[in-house]
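A.B. asks: Pasting a structure here, questions to come.
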Amino acid sequence: MSRRQRIIPFLLLAVLVLGACAGAAPQAPAATEAARPKEPIKVGAIFDLTGATADVGTPYSEGVKGYVEWLNSKGGVEGHPIDLISADYAYKVDQAEALYSQFVGEGVVAFMGWGTGDTEALRPRIAEDKVPFMSASYSAALTKMDEAPYNFLIGTTYSDQAIIALRWAADDWAARGNSGKPKVAVIHHDSPFGQSPLEDARAFAAANGIGFTSLPMPRGATDYVAELAQIQQFGANYVIVHTVSSPAAVLLKNAADQGYKDKMQFILLNWCADEIFVNLAGAAAEGVLGAIPFTPPTSPVPGHKDPDEWLKSKGSSLEAKGLHYSQGWWTMAVMTEGIRRTIQQGKPVTGENIRSGLESIQNFDTGGVTAPISFSPTSHKGNNALRMFKVENGKWVQVSDYISATP
Amino acid sequence: MVSGIYHTTYEQDMALRRTPAQKIRLVLVIALALIFPFLASRYHLNLANQVGIAVIGAIGLNILVGYTGQISLGQGGFLAVGAYTAGILTARYGVPWWLSTPIACLVTALVGMVFGIPSLRLKGLYLAIATLAAQVIILWVVTHWKTVTGGVEALVVPAPTLFGRRINTDFNFYWVIWGCAALVTLLAVNLFRSRFGRAFIAIRDQDIAASVMGIDLFKYKLLAFAISSFFVGLAGALTAHYRTIVTWERFTMDVSVTYLAMIIIGGLGSITGSYFGAAFMILVPALLTNLGRALKSTFPIVEGLIPFFQLAVFGLAIILFLIFEPEGLNKIWKDIKNYFRLWPFSY
């Protein structure tokens, strides 16, 4: 190795060190701040833009950011602009922890998370730091007030989604003039996320005499023909699918090829019932039902107006971005409502006060995007109802009114 | 002016620190490590603790891969064994953290030995696949053995206390983690001055020759798996007590690959290299994120592209370092030292 070559590693090292210095330099305050009379409120956020769930994480992140920009353009919350401090964490728990502690160090009073992994991992820390936390993980475990006192859920929990799907199946079975009770199979992602609704769903099915079985979708499988054969053997009339969009599309394509789609009704829960699924599954998606907590843009409701107009002013549209955009938008809107109430009550904007602000929210109207959101000091479960949708001509169309998991 | 380092006695040759410069550097590093937590913010402490845990895990893996030549893709699984054992003992049976941690190390060592058995017959890529099986099997057990691990739900571990004080704050746990890291370093460095360590290196260099020299391959290979897993289990147990929550998603295949990358970038078969590699794999993404955030305010147009640039730059940095210094960061460090030893009269 010549001497010149030997210098190259040193140069690389020097570049990294320079990068470190640049990274550590304090950020210039935004120019707009000076013009505003009131202090900005800092909210931290981590998004998955490059990791395993980037396909849905990206529109969700755009929705959260879009809401903040839209709100600030309207004068912020009670005159305070929201300063959203966000970064990509690539769906890595370690990076989520580092970013969380960094943002808390920078004074954020609330935090927007994303997946199951980071939400679970940060649970003890947010309780300790008293930072209200909302993410797109709707595991029922997060509604335990003693273990997760600062987690708030906007979406209907996976357990409630599964129960609603079971109730819908039982009603539909009776409405079609069948006697007895239907048989339902749940096919799920083989992970904590996928397993999370199983116990509650099984208990509900047992209590209501519904035939029930569950089976995991093997990780890394390229088709699910074997699983479908098992479901067929069980004699399922309804199949609840709890996974993410692309395996669900593969499953439905297999089901269409094998002729199972006429024999059983497929019902998708929220992380596979979206536009991505419809695009991937194509014709196989037709007639599939979705238990979706966030109304898709193809079935317009008043809550779609603001995000749609905001996106149109940027040369896009809500239809193009999909339902995960409005999911992010309205999750941030509920967090903001908690902050607004804190300010209106004249309390300092701290995590603890935002928590009580959020807990005072009753029947918050998201313009029909979700069932009305209510929190209380004893429950951080935003709602327990959703509407059923069906794929017709490549679009999700509403087919039921709100169905509640607890009548 | 010295023209080289010459030893005139066996004591000098065996010494861990051979030159005054090495001794001064060690004192400086230790002093810096002692002062650091008092000056650092919570964010930097959190990063330092992550690096500390990664250092322990990387040294463990390096003993197996770098020193004994037994490639392992089961790191994530072994970390999970350590974390879940410590977590379950403390959460379910009320075993104090300082006791559940060493038990977790022993259990991981045992599990490591079991999964090390194929190493007697398998080498190289074949062994990599066999240890990959360890990763998959352990994670499957963790997520499906509900009565023991809790299965679906995250395992919540009570916060560790010492003399009535909670110690898992970023500041307090810094001392625990880096205390352990120092201990592990000392053990590992001395291991390779002992009969066992020499046997490991002999197996790595030529296992048949080692066997001819009278080294019991089966015994020493299993021992390498056990010692390596013991340290990896320590890293896992510390994660459990530090984060007070154990979730499956922290121990995926991704983690196994990241650790392998750590020791390759840092330098295979080098304890110092484990430090460099761990720091590189954890600090560089953090630096790039900060750089991205700084750029975001300057060039808002490219904001959407920054996360992808970060990944590309990180990948590029790894490739460039490996092209220009295949022996890892540790070799770069040695070159720097050699350069300055003779500075300004280098030849």
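Identifiers in the structure tokens: chain A, B, ... in order shown; residue index from 1 per chain; ligand index from 1 in order shown.
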Please return as JSON, numbers by chain: the residues of range 229-289 of chain B that backbone DSSP assigns to alpha helix (DSSP H).

C.D. replies: {"B": [229, 230, 231, 232, 233, 234, 235, 236, 237, 238, 239, 240, 241, 242, 243, 253, 254, 255, 256, 257, 258, 259, 260, 261, 262, 263, 264, 265, 266, 271, 272, 273, 274, 275, 276, 277, 278, 279, 280, 281, 282, 283, 284, 285, 286, 287, 288, 289]}

A.B. asks: Give me, as a count of residues only, all polymer residues having an atom no more than 9 Å from range 236-241 of chain B, counting only C-alpha atoms and skipping those fewer than 6 positions away in the same chain.

C.D. replies: 28

A.B. asks: Quick one: residues within 9 Å of Leu122 in chain A, only C-alpha atoms counted, chain neighbours fewer than 3 positions away excluded, as a PyMOL selection string?

C.D. replies: (chain A and resi 93+96-97+100+117-119+125-127) or (chain B and resi 243+245)

A.B. asks: Print the selection's residues with N, CA and C atoms to a file, as a PDB file, in the first residue's frame.

C.D. replies:
```pdb
ATOM      1  N   VAL A  93     -35.314  -0.491  17.188  1.00  0.00           N
ATOM      2  CA  VAL A  93     -35.639  -0.114  18.555  1.00  0.00           C
ATOM      3  C   VAL A  93     -34.540   0.749  19.171  1.00  0.00           C
ATOM      4  N   ALA A  96     -34.742   4.210  17.984  1.00  0.00           N
ATOM      5  CA  ALA A  96     -35.912   4.870  18.563  1.00  0.00           C
ATOM      6  C   ALA A  96     -35.576   5.372  19.957  1.00  0.00           C
ATOM      7  N   GLU A  97     -34.882   4.547  20.742  1.00  0.00           N
ATOM      8  CA  GLU A  97     -34.526   4.946  22.106  1.00  0.00           C
ATOM      9  C   GLU A  97     -33.582   6.139  22.113  1.00  0.00           C
ATOM     10  N   TYR A 100     -35.516   9.190  21.061  1.00  0.00           N
ATOM     11  CA  TYR A 100     -36.439   9.596  22.118  1.00  0.00           C
ATOM     12  C   TYR A 100     -35.692  10.394  23.192  1.00  0.00           C
ATOM     13  N   GLY A 117     -42.720  -2.328  18.243  1.00  0.00           N
ATOM     14  CA  GLY A 117     -41.422  -2.468  18.891  1.00  0.00           C
ATOM     15  C   GLY A 117     -41.031  -1.229  19.678  1.00  0.00           C
ATOM     16  N   ASP A 118     -41.075  -0.064  19.026  1.00  0.00           N
ATOM     17  CA  ASP A 118     -40.639   1.150  19.711  1.00  0.00           C
ATOM     18  C   ASP A 118     -41.637   1.557  20.794  1.00  0.00           C
ATOM     19  N   THR A 119     -42.942   1.366  20.541  1.00  0.00           N
ATOM     20  CA  THR A 119     -43.944   1.769  21.527  1.00  0.00           C
ATOM     21  C   THR A 119     -43.786   0.944  22.800  1.00  0.00           C
ATOM     22  N   ARG A 125     -40.141   4.264  29.905  1.00  0.00           N
ATOM     23  CA  ARG A 125     -39.469   5.567  29.905  1.00  0.00           C
ATOM     24  C   ARG A 125     -40.460   6.718  29.817  1.00  0.00           C
ATOM     25  N   ILE A 126     -41.484   6.580  28.980  1.00  0.00           N
ATOM     26  CA  ILE A 126     -42.423   7.692  28.837  1.00  0.00           C
ATOM     27  C   ILE A 126     -43.238   7.876  30.108  1.00  0.00           C
ATOM     28  N   ALA A 127     -43.511   6.767  30.808  1.00  0.00           N
ATOM     29  CA  ALA A 127     -44.248   6.882  32.065  1.00  0.00           C
ATOM     30  C   ALA A 127     -43.397   7.631  33.086  1.00  0.00           C
TER      31      ALA A 127
ATOM     32  N   ARG B 243     -33.520  -1.137  30.257  1.00  0.00           N
ATOM     33  CA  ARG B 243     -34.741  -0.673  29.591  1.00  0.00           C
ATOM     34  C   ARG B 243     -35.992  -1.038  30.364  1.00  0.00           C
ATOM     35  N   ILE B 245     -37.884  -3.317  30.055  1.00  0.00           N
ATOM     36  CA  ILE B 245     -38.906  -3.990  29.257  1.00  0.00           C
ATOM     37  C   ILE B 245     -38.179  -4.860  28.230  1.00  0.00           C
TER      38      ILE B 245
END
```

A.B. asks: Per residue of range 283-312 of chain A within 8 Å of range 347-371 of chain A, record the nearest atom pair and its distance in Å to one decimal, counting only C-alpha atoms, with rows in chain order and ascending residue number, as a Markdown table.

C.D. replies:
```
| residue | atom | partner | partner_atom | distance |
| --- | --- | --- | --- | --- |
| A:Pro293 | CA | A:Thr370 | CA | 5.7 |
| A:Phe294 | CA | A:Thr370 | CA | 5.2 |
| A:Thr295 | CA | A:Val369 | CA | 4.8 |
| A:Pro296 | CA | A:Val369 | CA | 7.9 |
| A:Val301 | CA | A:Gly368 | CA | 5.7 |
| A:Pro302 | CA | A:Gly367 | CA | 5.0 |
| A:Gly303 | CA | A:Gly367 | CA | 3.7 |
| A:His304 | CA | A:Val369 | CA | 7.2 |
```

A.B. asks: Residues of the last selection are to be written out with C-alpha atoms, as an mmCIF file, in the first residue's frame.

C.D. replies:
```cif
data_model
loop_
_atom_site.group_PDB
_atom_site.id
_atom_site.type_symbol
_atom_site.label_atom_id
_atom_site.label_comp_id
_atom_site.auth_asym_id
_atom_site.auth_seq_id
_atom_site.Cartn_x
_atom_site.Cartn_y
_atom_site.Cartn_z
ATOM 1 C CA PRO A 293 -60.789 2.260 12.101
ATOM 2 C CA PHE A 294 -59.725 5.101 9.745
ATOM 3 C CA THR A 295 -62.193 5.836 6.950
ATOM 4 C CA PRO A 296 -60.495 5.461 3.546
ATOM 5 C CA VAL A 301 -66.413 12.056 5.085
ATOM 6 C CA PRO A 302 -66.127 15.677 6.348
ATOM 7 C CA GLY A 303 -62.858 14.820 8.146
ATOM 8 C CA HIS A 304 -61.165 14.300 4.782
#
```

A.B. asks: Quick check, in Å to one decimal: how far apart do CA of Pro407 in chain A and CA of Trp271 in chain A lie?

C.D. replies: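 Value for the CA of Pro407 in chain A-CA of Trp271 in chain A distance: 24.2 Å.
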
A.B. asks: Where does range 70-94 of chain B meet range 116-123 of chain B within 12 Å, residue by residue, with the nearest atom pair and distance in Å to one decimal for each, counting only C-alpha atoms, listed by chain and rising number, as a tab-separated table?

C.D. replies:
```
residue	atom	partner	partner_atom	distance
B:Gln70	CA	B:Lys123	CA	7.2
B:Ile71	CA	B:Lys123	CA	8.1
B:Ser72	CA	B:Gly116	CA	9.2
B:Leu73	CA	B:Gly116	CA	11.6
B:Gly74	CA	B:Gly116	CA	10.1
B:Phe78	CA	B:Gly116	CA	11.6
```

A.B. asks: List every residue of range 146-253 of chain A that has an atom at most 9 Å from any atom of range 138-146 of chain B, and for each one report the closest atom pair and its distance in Å to one decimal, counting only C-alpha atoms, with rows sorted by chain and then by increasing residue number, as CSV.

C.D. replies:
```
residue,atom,partner,partner_atom,distance
A:Asp190,CA,B:Thr143,CA,8.8
A:Ser191,CA,B:Thr143,CA,7.2
A:Pro192,CA,B:Thr143,CA,7.1
```

A.B. asks: Could those residues be written to a file, using N, CA and C atoms, as an mmCIF file, in the first residue's frame?

C.D. replies:
```cif
data_model
loop_
_atom_site.group_PDB
_atom_site.id
_atom_site.type_symbol
_atom_site.label_atom_id
_atom_site.label_comp_id
_atom_site.auth_asym_id
_atom_site.auth_seq_id
_atom_site.Cartn_x
_atom_site.Cartn_y
_atom_site.Cartn_z
ATOM 1 N N ASP A 190 -47.110 -13.724 12.073
ATOM 2 C CA ASP A 190 -46.501 -14.496 13.153
ATOM 3 C C ASP A 190 -45.567 -13.612 13.966
ATOM 4 N N SER A 191 -46.154 -12.761 14.778
ATOM 5 C CA SER A 191 -45.384 -11.807 15.583
ATOM 6 C C SER A 191 -46.288 -11.355 16.724
ATOM 7 N N PRO A 192 -45.712 -10.645 17.710
ATOM 8 C CA PRO A 192 -46.566 -10.124 18.779
ATOM 9 C C PRO A 192 -47.718 -9.290 18.226
#
```

A.B. asks: Within range 91-333 of chain B, find each residue whose DSSP state, derived from the backbone, is strand (DSSP E), and express the selection as a list of chain:residue names.

C.D. replies: B:Leu155, B:Val156, B:Thr161, B:Leu162, B:Arg165, B:Arg166, B:Ile245, B:Val246

A.B. asks: Could you write those residues out with C-alpha atoms, as a PDB file, in the first residue's frame?

C.D. replies:
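again-v6.pdb written:
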```
ATOM      1  CA  LEU B 155     -42.092  -8.519  29.561  1.00  0.00           C
ATOM      2  CA  VAL B 156     -42.052  -5.652  32.013  1.00  0.00           C
ATOM      3  CA  THR B 161     -32.421  -0.646  42.744  1.00  0.00           C
ATOM      4  CA  LEU B 162     -29.272  -0.603  44.830  1.00  0.00           C
ATOM      5  CA  ARG B 165     -31.834   3.960  44.884  1.00  0.00           C
ATOM      6  CA  ARG B 166     -33.110   3.335  41.400  1.00  0.00           C
ATOM      7  CA  ILE B 245     -38.906  -3.990  29.257  1.00  0.00           C
ATOM      8  CA  VAL B 246     -38.014  -6.966  27.102  1.00  0.00           C
TER       9      VAL B 246
END
```

A.B. asks: Quick one: contact table of chain B to chain A, 6 Å max, nearest atom pair and distance in Å to one decimal per residue, counting only C-alpha atoms, chain and number order, as CSV?

C.D. replies:
```
residue,atom,partner,partner_atom,distance
B:Tyr43,CA,A:Gln102,CA,4.6
B:Val152,CA,A:Pro192,CA,4.4
B:Glu249,CA,A:Gly117,CA,5.6
B:Leu287,CA,A:Ala20,CA,5.6
B:Asn290,CA,A:Gly23,CA,4.6
B:Leu291,CA,A:Gly23,CA,4.6
```

A.B. asks: Let's have the selection written as a PDB file, in the first residue's frame, with C-alpha atoms.

C.D. replies:
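Wrote it out as selection-v8.pdb, contents follow:
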```pdb
ATOM      1  CA  TYR B  43     -28.942  11.846  25.080  1.00  0.00           C
ATOM      2  CA  VAL B 152     -47.140 -11.897  22.756  1.00  0.00           C
ATOM      3  CA  GLU B 249     -38.337  -7.082  18.291  1.00  0.00           C
ATOM      4  CA  LEU B 287     -24.305  11.375  13.692  1.00  0.00           C
ATOM      5  CA  ASN B 290     -28.100  14.779  13.406  1.00  0.00           C
ATOM      6  CA  LEU B 291     -26.430  15.830  10.186  1.00  0.00           C
TER       7      LEU B 291
END
```

A.B. asks: Identify which of the residues A:Ser316, A:Asn208, A:Asn151, A:Ser214 lies closest to Gly113 in chain A, counting only C-alpha atoms when measuring atom-to-atom distances.

C.D. replies: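 Closest residue, counting only C-alpha atoms: A:Asn151.
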
A.B. asks: Expressed in Å to a single decimal, how great is the separation between CA of Gly112 in chain B and CA of Lys221 in chain B?

C.D. replies: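 Taking CA of Gly112 in chain B as the start and CA of Lys221 in chain B as the end point, the length is 10.9 Å.
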
A.B. asks: Mind checking which residues fall within 12 Å of Phe309 in chain B, counting only C-alpha atoms, ignoring those fewer than 4 positions away in the same chain, and posting them as a PDB file with C-alpha atoms, in the first residue's frame?

C.D. replies:
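Everything below was put into part-v1.pdb:
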```pdb
ATOM      1  CA  LEU A  49     -39.236   6.062   6.366  1.00  0.00           C
ATOM      2  CA  THR A  50     -36.581   3.511   5.384  1.00  0.00           C
ATOM      3  CA  ASP A  88     -36.446   8.445  10.721  1.00  0.00           C
TER       4      ASP A  88
ATOM      5  CA  PRO B 285     -26.156   6.444  12.374  1.00  0.00           C
ATOM      6  CA  LEU B 288     -25.906  11.012  10.295  1.00  0.00           C
ATOM      7  CA  THR B 289     -29.356  11.594  11.791  1.00  0.00           C
ATOM      8  CA  LEU B 291     -26.430  15.830  10.186  1.00  0.00           C
ATOM      9  CA  GLY B 292     -29.716  15.172   8.401  1.00  0.00           C
ATOM     10  CA  LEU B 295     -29.412  19.922   6.720  1.00  0.00           C
ATOM     11  CA  VAL B 302     -34.222  17.611   0.126  1.00  0.00           C
ATOM     12  CA  GLU B 303     -35.877  16.746   3.438  1.00  0.00           C
ATOM     13  CA  GLY B 304     -37.653  13.704   2.033  1.00  0.00           C
ATOM     14  CA  LEU B 305     -34.410  12.287   0.677  1.00  0.00           C
ATOM     15  CA  VAL B 313     -23.728   7.172   3.412  1.00  0.00           C
ATOM     16  CA  PHE B 314     -23.650   4.602   6.182  1.00  0.00           C
ATOM     17  CA  GLY B 315     -23.326   1.802   3.646  1.00  0.00           C
ATOM     18  CA  LEU B 316     -20.695   3.714   1.711  1.00  0.00           C
ATOM     19  CA  ALA B 317     -18.690   4.400   4.871  1.00  0.00           C
TER      20      ALA B 317
END
```

A.B. asks: If you measure from CA of Pro300 in chain A to CA of Ala249 in chain A, what distance in Å do you get, rounded to one decimal?

C.D. replies: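 These atoms are spaced 24.2 Å apart.
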
A.B. asks: Need to verify the contact set: Thr68 in chain B, 10 Å, only C-alpha atoms, exclusion of same-chain residues closer than 5 positions in sequence. Can you return it as a CSV table (one decimal) with N, CA and C atoms, in the first residue's frame?

C.D. replies:
```
chain,number,residue,atom,x,y,z
B,61,LEU,N,-18.9,-11.8,20.9
B,61,LEU,CA,-18.9,-12.4,19.6
B,61,LEU,C,-17.5,-12.5,19.0
B,62,ASN,N,-16.7,-11.5,19.3
B,62,ASN,CA,-15.3,-11.5,18.8
B,62,ASN,C,-14.5,-12.7,19.3
B,63,ILE,N,-14.8,-13.1,20.5
B,63,ILE,CA,-14.1,-14.3,21.1
B,63,ILE,C,-14.4,-15.5,20.2
B,197,GLY,N,-7.1,-19.4,25.7
B,197,GLY,CA,-7.1,-18.4,24.6
B,197,GLY,C,-6.2,-18.8,23.5
B,198,ARG,N,-5.0,-19.3,23.9
B,198,ARG,CA,-4.0,-19.8,22.9
B,198,ARG,C,-4.6,-20.9,22.1
B,199,ALA,N,-5.4,-21.8,22.8
B,199,ALA,CA,-6.0,-22.9,22.1
B,199,ALA,C,-7.0,-22.4,21.1
B,200,PHE,N,-7.8,-21.4,21.5
B,200,PHE,CA,-8.8,-20.9,20.6
B,200,PHE,C,-8.1,-20.4,19.3
B,201,ILE,N,-7.0,-19.6,19.5
B,201,ILE,CA,-6.4,-19.0,18.4
B,201,ILE,C,-5.8,-20.1,17.5
B,202,ALA,N,-5.3,-21.2,18.1
B,202,ALA,CA,-4.7,-22.3,17.4
B,202,ALA,C,-5.8,-23.0,16.5
B,203,ILE,N,-7.0,-23.1,17.1
B,203,ILE,CA,-8.1,-23.7,16.4
B,203,ILE,C,-8.5,-22.8,15.2
B,204,ARG,N,-8.5,-21.5,15.4
B,204,ARG,CA,-8.8,-20.6,14.3
B,204,ARG,C,-7.8,-20.7,13.2
B,205,ASP,N,-6.5,-20.8,13.5
B,205,ASP,CA,-5.5,-20.7,12.5
B,205,ASP,C,-5.4,-22.0,11.7
B,207,ASP,N,-7.3,-25.9,12.5
B,207,ASP,CA,-7.9,-26.8,13.5
B,207,ASP,C,-7.2,-28.2,13.5
B,220,TYR,N,-12.7,-27.4,23.4
B,220,TYR,CA,-12.3,-26.0,23.3
B,220,TYR,C,-13.3,-25.2,22.4
B,221,LYS,N,-13.9,-25.9,21.4
B,221,LYS,CA,-14.9,-25.2,20.6
B,221,LYS,C,-16.1,-24.9,21.4
B,224,ALA,N,-15.4,-22.1,23.7
B,224,ALA,CA,-15.4,-20.8,23.1
B,224,ALA,C,-16.9,-20.4,23.0
B,225,PHE,N,-17.8,-21.3,22.6
B,225,PHE,CA,-19.2,-20.9,22.5
B,225,PHE,C,-19.7,-20.5,23.9
B,269,GLY,N,-10.8,-10.5,15.8
B,269,GLY,CA,-9.7,-10.9,16.7
B,269,GLY,C,-9.0,-9.8,17.4
```

A.B. asks: For Gln327 in chain A, list every protein, DNA or RNA residue within 10 Å, evaluated using only C-alpha atoms, and leave out those in the same chain fewer than 2 positions away; present the list as a VMD selection string.

C.D. replies: chain A and resid 59 to 61 63 to 64 136 154 to 155 293 to 296 322 to 325 329 to 333 369 to 370

A.B. asks: Kindly export the residues of the current selection with C-alpha atoms, as a compact mmCIF listing (two decimals), in the first residue's frame.

C.D. replies:
```
# COMPACT_ATOMS: atom_id res chain seq x y z
CA PRO A 59 -47.79 8.35 4.31
CA TYR A 60 -48.46 8.26 8.07
CA SER A 61 -45.46 10.53 8.70
CA GLY A 63 -50.00 13.06 7.57
CA VAL A 64 -48.53 14.00 10.96
CA ALA A 136 -49.91 3.56 15.34
CA ILE A 154 -56.45 6.62 18.68
CA GLY A 155 -57.29 3.55 16.63
CA PRO A 293 -60.79 2.26 12.10
CA PHE A 294 -59.73 5.10 9.74
CA THR A 295 -62.19 5.84 6.95
CA PRO A 296 -60.49 5.46 3.55
CA GLY A 322 -54.31 7.05 0.98
CA LEU A 323 -55.89 6.39 4.34
CA HIS A 324 -52.62 6.29 6.29
CA TYR A 325 -52.21 10.01 5.60
CA TRP A 329 -53.24 13.68 10.37
CA TRP A 330 -56.00 12.87 12.87
CA THR A 331 -53.70 11.19 15.40
CA MET A 332 -51.73 14.44 15.52
CA ALA A 333 -55.02 16.37 15.68
CA VAL A 369 -62.56 9.54 9.97
CA THR A 370 -62.77 7.54 13.21
```
